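Colleague: Sharing start.txt (compact mmCIF, C-alpha atoms) below.
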# COMPACT_ATOMS: atom_id res chain seq x y z
CA MET A 1 128.19 184.07 12.45
CA SER A 2 130.46 183.01 9.58
CA THR A 3 133.67 181.19 10.43
CA ASP A 4 135.19 181.93 7.01
CA PRO A 5 138.13 184.37 7.61
CA TYR A 6 137.71 185.80 4.10
CA ASP A 7 134.24 187.14 4.93
CA ARG A 8 135.83 189.81 7.13
CA LEU A 9 138.09 191.13 4.36
CA ASP A 10 137.16 194.20 2.33
CA ALA A 11 137.99 194.62 -1.37
CA PRO A 12 141.47 196.21 -0.88
CA ALA A 13 142.44 193.45 1.56
CA LEU A 14 141.27 190.78 -0.88
CA ARG A 15 143.26 192.37 -3.71
CA ALA A 16 146.35 192.45 -1.50
CA LEU A 17 145.82 188.79 -0.61
CA LEU A 18 145.47 187.86 -4.29
CA ALA A 19 148.65 189.78 -5.13
CA GLN A 20 150.47 187.91 -2.37
CA ARG A 21 149.21 184.58 -3.73
CA ASP A 22 150.26 185.55 -7.25
CA ALA A 23 153.75 186.37 -5.98
CA GLN A 24 153.94 183.01 -4.20
CA LEU A 25 152.87 181.17 -7.35
CA ALA A 26 155.46 183.06 -9.40
CA GLU A 27 158.12 182.12 -6.87
CA GLN A 28 157.07 178.45 -7.05
CA ALA A 29 157.17 178.58 -10.85
CA ALA A 30 160.69 180.04 -10.74
CA GLY A 31 161.72 177.25 -8.38
CA MET A 32 160.31 174.70 -10.79
CA GLU A 33 162.30 176.25 -13.62
CA ASP A 34 165.48 175.94 -11.54
CA TRP A 35 164.63 172.31 -10.81
CA MET A 36 164.01 171.62 -14.49
CA HIS A 37 167.39 173.11 -15.38
CA ALA A 38 169.11 170.99 -12.74
CA VAL A 39 167.50 167.80 -13.98
CA SER A 40 168.02 168.61 -17.65
CA HIS A 41 171.67 169.58 -17.38
CA ASP A 42 173.40 169.30 -14.01
CA LEU A 43 172.14 165.84 -13.03
CA ARG A 44 172.37 164.20 -16.44
CA ALA A 45 175.93 165.29 -17.16
CA PRO A 46 177.51 162.93 -14.57
CA LEU A 47 175.42 160.06 -15.95
CA ARG A 48 176.74 160.76 -19.44
CA HIS A 49 180.28 160.59 -18.07
CA ILE A 50 179.60 157.22 -16.43
CA THR A 51 178.12 155.67 -19.57
CA SER A 52 180.82 157.23 -21.79
CA TYR A 53 183.82 156.18 -19.73
CA GLY A 54 182.52 152.69 -19.00
CA PRO A 55 183.66 151.26 -22.36
CA LEU A 56 187.11 152.82 -21.88
CA VAL A 57 187.47 151.17 -18.48
CA ARG A 58 186.34 147.91 -20.06
CA GLU A 59 189.16 148.13 -22.62
CA LEU A 60 191.70 148.83 -19.90
CA LEU A 61 190.49 145.84 -17.91
CA GLN A 62 190.79 143.56 -20.92
CA GLU A 63 194.39 144.73 -21.41
CA SER A 64 195.27 144.70 -17.69
CA GLY A 65 196.57 141.17 -17.47
CA LEU A 66 194.30 140.39 -14.52
CA PRO A 67 193.40 136.72 -13.98
CA ALA A 68 190.34 135.71 -16.00
CA ASP A 69 188.06 135.29 -12.98
CA ALA A 70 189.00 138.69 -11.53
CA GLN A 71 188.57 140.31 -14.93
CA GLN A 72 185.11 138.78 -15.40
CA GLU A 73 184.07 139.96 -11.94
CA ALA A 74 185.25 143.51 -12.68
CA LEU A 75 183.44 143.49 -16.04
CA ALA A 76 180.25 142.36 -14.29
CA PHE A 77 180.58 145.30 -11.91
CA LEU A 78 180.92 147.61 -14.92
CA ASP A 79 177.80 146.14 -16.51
CA THR A 80 175.82 146.76 -13.32
CA MET A 81 177.15 150.33 -13.12
CA ASP A 82 176.22 151.02 -16.74
CA GLN A 83 172.73 149.55 -16.39
CA SER A 84 172.08 151.54 -13.21
CA ALA A 85 173.27 154.79 -14.79
CA ARG A 86 171.06 154.25 -17.82
CA ARG A 87 168.10 153.41 -15.57
CA MET A 88 168.64 156.61 -13.60
CA GLY A 89 168.73 158.52 -16.88
CA ARG A 90 165.35 157.06 -17.80
CA MET A 91 164.01 157.97 -14.36
CA LEU A 92 165.15 161.58 -14.83
CA GLU A 93 163.41 161.62 -18.21
CA GLY A 94 160.25 160.42 -16.47
CA LEU A 95 160.47 163.23 -13.91
CA LEU A 96 160.98 165.76 -16.70
CA ALA A 97 157.92 164.42 -18.52
CA LEU A 98 155.80 164.79 -15.36
CA SER A 99 157.09 168.32 -14.87
CA ARG A 100 156.20 169.25 -18.45
CA ILE A 101 152.68 167.85 -17.95
CA ALA A 102 152.22 169.95 -14.82
CA ARG A 103 153.52 173.13 -16.50
CA ALA A 104 151.95 172.82 -19.95
CA PRO A 105 149.09 175.25 -20.66
CA LEU A 106 145.76 173.40 -20.69
CA ARG A 107 143.99 174.21 -23.96
CA ARG A 108 140.48 172.76 -23.80
CA GLU A 109 138.80 172.14 -27.13
CA ALA A 110 136.58 169.63 -28.87
CA VAL A 111 138.75 166.56 -29.50
CA ASP A 112 137.85 163.72 -31.89
CA LEU A 113 138.76 160.76 -29.73
CA ALA A 114 138.68 158.22 -32.59
CA ALA A 115 141.28 160.23 -34.51
CA LEU A 116 143.35 160.67 -31.35
CA VAL A 117 143.42 156.90 -30.71
CA GLU A 118 144.72 156.27 -34.23
CA GLN A 119 147.39 158.94 -33.76
CA ALA A 120 148.40 157.31 -30.46
CA ARG A 121 148.65 153.88 -32.10
CA ALA A 122 150.90 155.07 -34.93
CA PRO A 123 154.17 155.20 -32.94
CA LEU A 124 153.45 151.72 -31.54
CA ALA A 125 153.51 150.00 -34.94
CA GLU A 126 157.16 148.98 -34.58
CA ALA A 127 156.60 147.46 -31.13
CA ALA A 128 153.64 145.46 -32.49
CA GLN A 129 155.51 144.27 -35.59
CA GLY A 130 155.73 140.50 -35.85
CA ARG A 131 153.13 140.01 -33.13
CA SER A 132 149.53 138.88 -33.34
CA VAL A 133 147.65 141.86 -31.89
CA GLN A 134 143.89 142.25 -32.08
CA TRP A 135 142.85 145.87 -31.61
CA GLN A 136 139.20 146.32 -30.66
CA ILE A 137 138.47 150.02 -30.89
CA ALA A 138 134.89 151.12 -30.14
CA PRO A 139 133.44 152.38 -33.44
CA ASP A 140 131.52 155.20 -31.76
CA LEU A 141 134.25 156.95 -29.83
CA PRO A 142 132.89 160.45 -29.23
CA THR A 143 134.18 163.97 -29.36
CA VAL A 144 135.24 165.10 -25.89
CA GLN A 145 136.47 168.28 -24.27
CA GLY A 146 140.15 168.32 -23.41
CA ASP A 147 143.67 169.24 -24.38
CA ALA A 148 144.46 167.32 -27.57
CA THR A 149 148.24 167.19 -27.01
CA LEU A 150 148.00 165.93 -23.43
CA LEU A 151 145.22 163.45 -24.23
CA ARG A 152 147.26 162.05 -27.14
CA GLN A 153 150.18 161.54 -24.77
CA MET A 154 147.88 159.85 -22.25
CA LEU A 155 146.47 157.49 -24.89
CA THR A 156 149.94 156.63 -26.16
CA GLU A 157 151.01 155.70 -22.63
CA LEU A 158 147.90 153.58 -22.06
CA LEU A 159 148.15 151.69 -25.36
CA ALA A 160 151.92 151.23 -25.02
CA ASN A 161 151.36 149.83 -21.53
CA ALA A 162 148.75 147.37 -22.81
CA LEU A 163 150.98 146.35 -25.71
CA LYS A 164 153.95 145.76 -23.40
CA PHE A 165 152.12 143.64 -20.85
CA THR A 166 150.45 141.46 -23.49
CA ARG A 167 153.83 140.37 -24.80
CA GLY A 168 153.77 136.59 -25.12
CA ARG A 169 149.98 136.40 -25.57
CA GLU A 170 148.78 134.79 -28.81
CA PRO A 171 146.86 136.73 -29.77
CA ALA A 172 147.20 139.87 -27.71
CA CYS A 173 143.79 141.55 -27.34
CA ILE A 174 143.61 145.28 -26.59
CA ALA A 175 140.19 146.95 -26.40
CA VAL A 176 139.32 150.63 -26.14
CA GLY A 177 135.81 151.43 -24.96
CA TRP A 178 133.95 154.26 -23.32
CA GLU A 179 130.84 155.32 -21.48
CA ARG A 180 129.25 158.56 -20.36
CA GLY A 181 127.54 158.88 -17.00
CA ALA A 182 124.26 160.62 -16.30
CA ASP A 183 126.25 163.58 -14.96
CA GLY A 184 128.05 163.97 -18.31
CA ARG A 185 131.30 162.53 -17.01
CA PHE A 186 133.25 160.70 -19.70
CA THR A 187 135.13 157.46 -18.94
CA LEU A 188 137.59 155.77 -21.29
CA ALA A 189 138.62 152.15 -20.66
CA VAL A 190 141.66 150.34 -22.08
CA GLN A 191 141.47 146.59 -21.50
CA ASP A 192 144.05 143.90 -22.28
CA ASN A 193 144.56 140.18 -21.79
CA GLY A 194 148.11 140.54 -20.52
CA ALA A 195 150.02 139.78 -17.35
CA GLY A 196 147.66 141.57 -15.01
CA PHE A 197 148.67 142.16 -11.38
CA ASN A 198 147.63 141.51 -7.81
CA PRO A 199 144.53 143.70 -7.13
CA ALA A 200 145.81 144.38 -3.61
CA GLN A 201 148.62 146.42 -5.19
CA ALA A 202 146.35 148.58 -7.35
CA ALA A 203 146.63 151.65 -5.08
CA GLY A 204 150.32 152.10 -5.93
CA LEU A 205 149.98 151.47 -9.65
CA PHE A 206 149.91 155.16 -10.64
CA GLY A 207 152.71 156.29 -8.33
CA VAL A 208 155.98 157.59 -9.72
CA PHE A 209 158.48 154.74 -10.26
CA GLN A 210 156.04 152.17 -8.88
CA ARG A 211 156.38 148.80 -10.61
CA LEU A 212 154.34 145.64 -10.04
CA HIS A 213 156.56 143.42 -12.22
CA ARG A 214 160.30 142.84 -12.30
CA GLU A 215 162.23 144.87 -14.87
CA SER A 216 163.70 141.62 -16.17
CA GLU A 217 160.15 140.67 -17.24
CA PHE A 218 158.93 144.04 -18.57
CA GLU A 219 161.11 147.06 -19.27
CA GLY A 220 160.37 150.52 -17.96
CA VAL A 221 160.88 152.57 -14.80
CA GLY A 222 157.25 153.04 -13.76
CA ALA A 223 156.65 156.58 -15.03
CA GLY A 224 154.07 155.95 -17.79
CA LEU A 225 150.97 155.46 -15.64
CA ALA A 226 152.10 158.28 -13.35
CA ALA A 227 151.97 160.50 -16.45
CA VAL A 228 148.49 159.16 -17.27
CA ARG A 229 147.24 160.09 -13.80
CA ALA A 230 148.86 163.54 -13.99
CA ILE A 231 147.17 164.26 -17.33
CA VAL A 232 143.71 163.11 -16.31
CA ARG A 233 143.96 165.05 -13.04
CA ARG A 234 144.75 168.20 -14.99
CA HIS A 235 141.43 167.60 -16.71
CA GLY A 236 139.64 167.38 -13.38
CA GLY A 237 139.39 163.59 -13.41
CA GLU A 238 140.95 160.47 -12.00
CA ALA A 239 142.46 157.15 -13.11
CA SER A 240 141.89 153.65 -11.75
CA ALA A 241 142.78 150.07 -12.68
CA THR A 242 141.46 146.59 -12.07
CA ALA A 243 143.22 143.33 -12.91
CA VAL A 244 143.45 139.58 -12.45
CA PRO A 245 146.94 138.07 -12.30
CA GLY A 246 147.70 136.32 -15.58
CA GLU A 247 144.41 137.37 -17.16
CA GLY A 248 144.80 141.04 -17.96
CA CYS A 249 144.14 144.56 -16.80
CA THR A 250 141.63 147.35 -17.39
CA VAL A 251 142.66 150.97 -16.89
CA ARG A 252 139.91 153.57 -16.68
CA VAL A 253 140.35 157.31 -16.97
CA GLY A 254 137.42 159.63 -16.44
CA TRP A 255 136.93 163.37 -16.51
CA PRO A 256 134.13 165.89 -17.14
CA GLY A 257 134.00 165.62 -20.90
Taking this structure as input, can you express it in the form of C-alpha cells?

Modeller:
Amino acid sequence: MSTDPYDRLDAPALRALLAQRDAQLAEQAAGMEDWMHAVSHDLRAPLRHITSYGPLVRELLQESGLPADAQQEALAFLDTMDQSARRMGRMLEGLLALSRIARAPLRREAVDLAALVEQARAPLAEAAQGRSVQWQIAPDLPTVQGDATLLRQMLTELLANALKFTRGREPACIAVGWERGADGRFTLAVQDNGAGFNPAQAAGLFGVFQRLHRESEFEGVGAGLAAVRAIVRRHGGEASATAVPGEGCTVRVGWPG
C-alpha cells in the first residue's frame, strides 16, 4: 500500500492543491517585492544621510575649538562611522544582487563559453592595469546550455575574485579550464596562484558575507561567491573550492550542460 498522500487524491483535489500552491508562491513573490523595495529605498536612505552629514559634522568639529587630542578622537569616530555606513551599503547591494539572481527568469540557450569569458574579462581590464597577469584560457571552451546573462555575471565574479586575491603576485596566473563527465555534466574551473585559504574553512566560502581574509588585506563584503553559488544552483549545479594557504585557489562550478 502506497504511503504517498498524493496517491489518494483525485484530479479535482490535485487541481485545488496546485491552485493553493500557486497562491502561496504568488504571496511569497509579493513579499519578496516588498523586501526589495525596503532594501532599495527605506534602508538605504538613512545610510545616505549618515554619509552625507558626516563631512558637515567634520567641519563643525574642526571649527569647534576642542583640544587637538579630543578633536582627533572625534574625527576618528566619524571615520569609523562613515566606513561602517559605506560597508553596510555594499552589503545591501550584495543582498539586492542575490535577490535579483533568485528572481530573474532563467532563459536556457546554447552559450559560447569562450565568448562569455572574454566578455567577463572586459570590465576587469582597469583592475589588471599595471599588473603582470598571465591569463591561461583553455582554447577549446565549449558551447554549454545555460542563461547567458547569469553565466556572464558568474564568470565576472569568479575572474574578479581570482584577480583580487592574486594582488602582489608577480606574475599573477589565472587559468580557466573545463571538463565534461561521462554523465554529460559540465564543470568549469578557475584556478589562481593567489593568497589561498585554510581548507578547513572551505565550507563557509560561498555563504553570504563570509570572508576568509581581513578587509584590510582584500576589499569586499563577501557577496561575490555567494552570487556564484546562487547562479550555478539555479542551473541545477553546485560550486566548490580547494586551496592551499599562500599558494592559490581553484573554484569549480558544475551543472548539467

Colleague: Using only C-alpha atoms, which of A:Thr166, A:Thr149, A:Ser240, A:Asn193 sits nearest Ala104 (chain A)?

Modeller: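 Ranking A:Thr166, A:Thr149, A:Ser240, A:Asn193 by distance to Ala104 (chain A), first place goes to A:Thr149.
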
Colleague: Find the spatial neighbours of Asn161 (chain A), counting all atoms listed in the file, within a cut-off of 10 Å - ignore same-chain residues fewer than 2 positions away - and output them as a list in words.

Modeller: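 After dropping sequence-adjacent residues, the list is Leu155, Thr156, Glu157, Leu158, Leu159, Leu163, Lys164, Phe165, Thr166, Val190, Asp192, Gly194, Phe218, Gly220, Gly224, Leu225 and Val251 of chain A.
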
Colleague: Given the choices A:Arg229, A:Arg8, A:Arg86, A:Arg121, which gets closest to Pro46 (chain A) if the distance is worked out from only C-alpha atoms?

Modeller: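 Checking each of A:Arg229, A:Arg8, A:Arg86, A:Arg121 against Pro46 (chain A), counting only C-alpha atoms, the winner is A:Arg86.
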
Colleague: If we count all atoms listed in the file and set the cut-off at 10 Å, which residues sit around region 90-97 of chain A, ignoring sequence neighbours fewer than 2 positions away in its own chain? Please answer as a PyMOL selection string.

Modeller: chain A and resi 35-37+39-40+43-44+84-88+99-103+208-209+220-224+226-227

Colleague: Would you mind telling me which residue in A:Gly236, A:Gly89, A:Leu78, A:Ala195 lies nearest to Gln145 (chain A) when using all atoms listed in the file?

Modeller: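 The answer is A:Gly236, which sits nearest to Gln145 (chain A).
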
Colleague: Skipping near chain neighbours, those fewer than 4 positions away, what residues fall within 10 Å of region 241-248 of chain A using all atoms listed in the file, listed as a ChimeraX atom specification?

Modeller: /A:162,165-166,173-174,189-203,205-206,252-253

Colleague: Between CA of Pro256 (chain A) and CA of Ile137 (chain A), what is the distance, to one decimal in Å?

Modeller: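 That distance, rounded to one decimal, is 21.4 Å.
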
Colleague: Just the number, please: distance in Å from CA of Leu25 (chain A) to CA of Ala11 (chain A), one decimal.

Modeller: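 Between CA of Leu25 (chain A) and CA of Ala11 (chain A) the gap is 20.9 Å.
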
Colleague: Tell me which of A:Ile50, A:Leu98, A:Leu124, A:Ala160 sits closest to Gln83 (chain A), counting only C-alpha atoms.

Modeller: A:Ile50

Colleague: Kindly give the distance, in Å, that separates CA of Gln129 (chain A) and CA of Arg167 (chain A), rounded to a single decimal.

Modeller: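 That distance, rounded to one decimal, is 11.6 Å.
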
Colleague: Show me, as an MDAnalysis selection string, the residues that have an atom within 6 Å of Asp147 (chain A) when counting all atoms listed in the file, minus same-chain residues fewer than 5 positions from it.

Modeller: chainID A and resid 106:108

Colleague: Put those residues in a file: C-alpha atoms, as a tab-separated table (two decimals), keeping the file's coordinate frame.

Modeller:
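Saved file result21.tsv follows:
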chain	number	residue	atom	x	y	z
A	106	LEU	CA	145.76	173.40	-20.69
A	107	ARG	CA	143.99	174.21	-23.96
A	108	ARG	CA	140.48	172.76	-23.80

Colleague: For Arg233 (chain A), which residue among A:Val176, A:Leu150, A:Ala122, A:Ala70 is the nearest when counting all atoms listed in the file?

Modeller: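 Counting all atoms listed in the file, the residue closest to Arg233 (chain A) is A:Leu150.
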
Colleague: Name the closest residue to His235 (chain A) among the candidates A:Pro171, A:Pro123, A:Gly257, A:Gly54; distances are taken between atoms, counting only C-alpha atoms.

Modeller: A:Gly257

Colleague: Kindly complete region 171-196 of chain A to N, CA and C atoms; the output should be written as a short mmCIF file (atom, residue, chain, number, x, y, z; two decimals), in the frame of the given file.

Modeller:
data_model
loop_
_atom_site.label_atom_id
_atom_site.label_comp_id
_atom_site.auth_asym_id
_atom_site.auth_seq_id
_atom_site.Cartn_x
_atom_site.Cartn_y
_atom_site.Cartn_z
N PRO A 171 146.48 135.36 -29.41
CA PRO A 171 146.86 136.73 -29.77
C PRO A 171 146.76 137.66 -28.56
N ALA A 172 147.40 138.81 -28.69
CA ALA A 172 147.20 139.87 -27.71
C ALA A 172 145.91 140.60 -28.08
N CYS A 173 145.06 140.86 -27.09
CA CYS A 173 143.79 141.55 -27.34
C CYS A 173 143.78 142.86 -26.54
N ILE A 174 143.64 143.96 -27.23
CA ILE A 174 143.61 145.28 -26.59
C ILE A 174 142.34 145.99 -27.04
N ALA A 175 141.49 146.33 -26.09
CA ALA A 175 140.19 146.95 -26.40
C ALA A 175 140.13 148.36 -25.82
N VAL A 176 139.55 149.26 -26.59
CA VAL A 176 139.32 150.63 -26.14
C VAL A 176 137.83 150.90 -26.19
N GLY A 177 137.24 151.15 -25.04
CA GLY A 177 135.81 151.43 -24.96
C GLY A 177 135.55 152.69 -24.15
N TRP A 178 134.27 153.02 -24.03
CA TRP A 178 133.95 154.26 -23.32
C TRP A 178 132.51 154.22 -22.83
N GLU A 179 132.21 155.12 -21.93
CA GLU A 179 130.84 155.32 -21.48
C GLU A 179 130.71 156.74 -20.95
N ARG A 180 129.50 157.23 -20.91
CA ARG A 180 129.25 158.56 -20.36
C ARG A 180 128.17 158.45 -19.29
N GLY A 181 128.48 158.96 -18.11
CA GLY A 181 127.54 158.88 -17.00
C GLY A 181 126.42 159.88 -17.14
N ALA A 182 125.41 159.73 -16.28
CA ALA A 182 124.26 160.62 -16.30
C ALA A 182 124.67 162.06 -16.00
N ASP A 183 125.78 162.23 -15.30
CA ASP A 183 126.25 163.58 -14.96
C ASP A 183 127.12 164.19 -16.06
N GLY A 184 127.24 163.47 -17.20
CA GLY A 184 128.05 163.97 -18.31
C GLY A 184 129.52 163.61 -18.22
N ARG A 185 129.90 162.91 -17.17
CA ARG A 185 131.30 162.53 -17.01
C ARG A 185 131.66 161.44 -18.01
N PHE A 186 132.79 161.62 -18.67
CA PHE A 186 133.25 160.70 -19.70
C PHE A 186 134.28 159.74 -19.09
N THR A 187 134.16 158.45 -19.41
CA THR A 187 135.13 157.46 -18.94
C THR A 187 135.63 156.64 -20.12
N LEU A 188 136.93 156.57 -20.26
CA LEU A 188 137.59 155.77 -21.29
C LEU A 188 138.21 154.55 -20.61
N ALA A 189 138.06 153.39 -21.22
CA ALA A 189 138.62 152.15 -20.66
C ALA A 189 139.52 151.48 -21.68
N VAL A 190 140.73 151.10 -21.25
CA VAL A 190 141.66 150.34 -22.08
C VAL A 190 141.86 148.99 -21.39
N GLN A 191 141.44 147.94 -22.07
CA GLN A 191 141.47 146.59 -21.50
C GLN A 191 142.41 145.71 -22.29
N ASP A 192 143.15 144.83 -21.59
CA ASP A 192 144.05 143.90 -22.28
C ASP A 192 143.97 142.52 -21.63
N ASN A 193 144.54 141.55 -22.31
CA ASN A 193 144.56 140.18 -21.79
C ASN A 193 145.98 139.78 -21.39
N GLY A 194 146.70 140.74 -20.83
CA GLY A 194 148.11 140.54 -20.52
C GLY A 194 148.40 139.96 -19.16
N ALA A 195 149.51 140.39 -18.59
CA ALA A 195 150.02 139.78 -17.35
C ALA A 195 149.16 140.08 -16.14
N GLY A 196 148.44 141.20 -16.16
CA GLY A 196 147.66 141.57 -15.01
C GLY A 196 148.53 141.87 -13.79
#
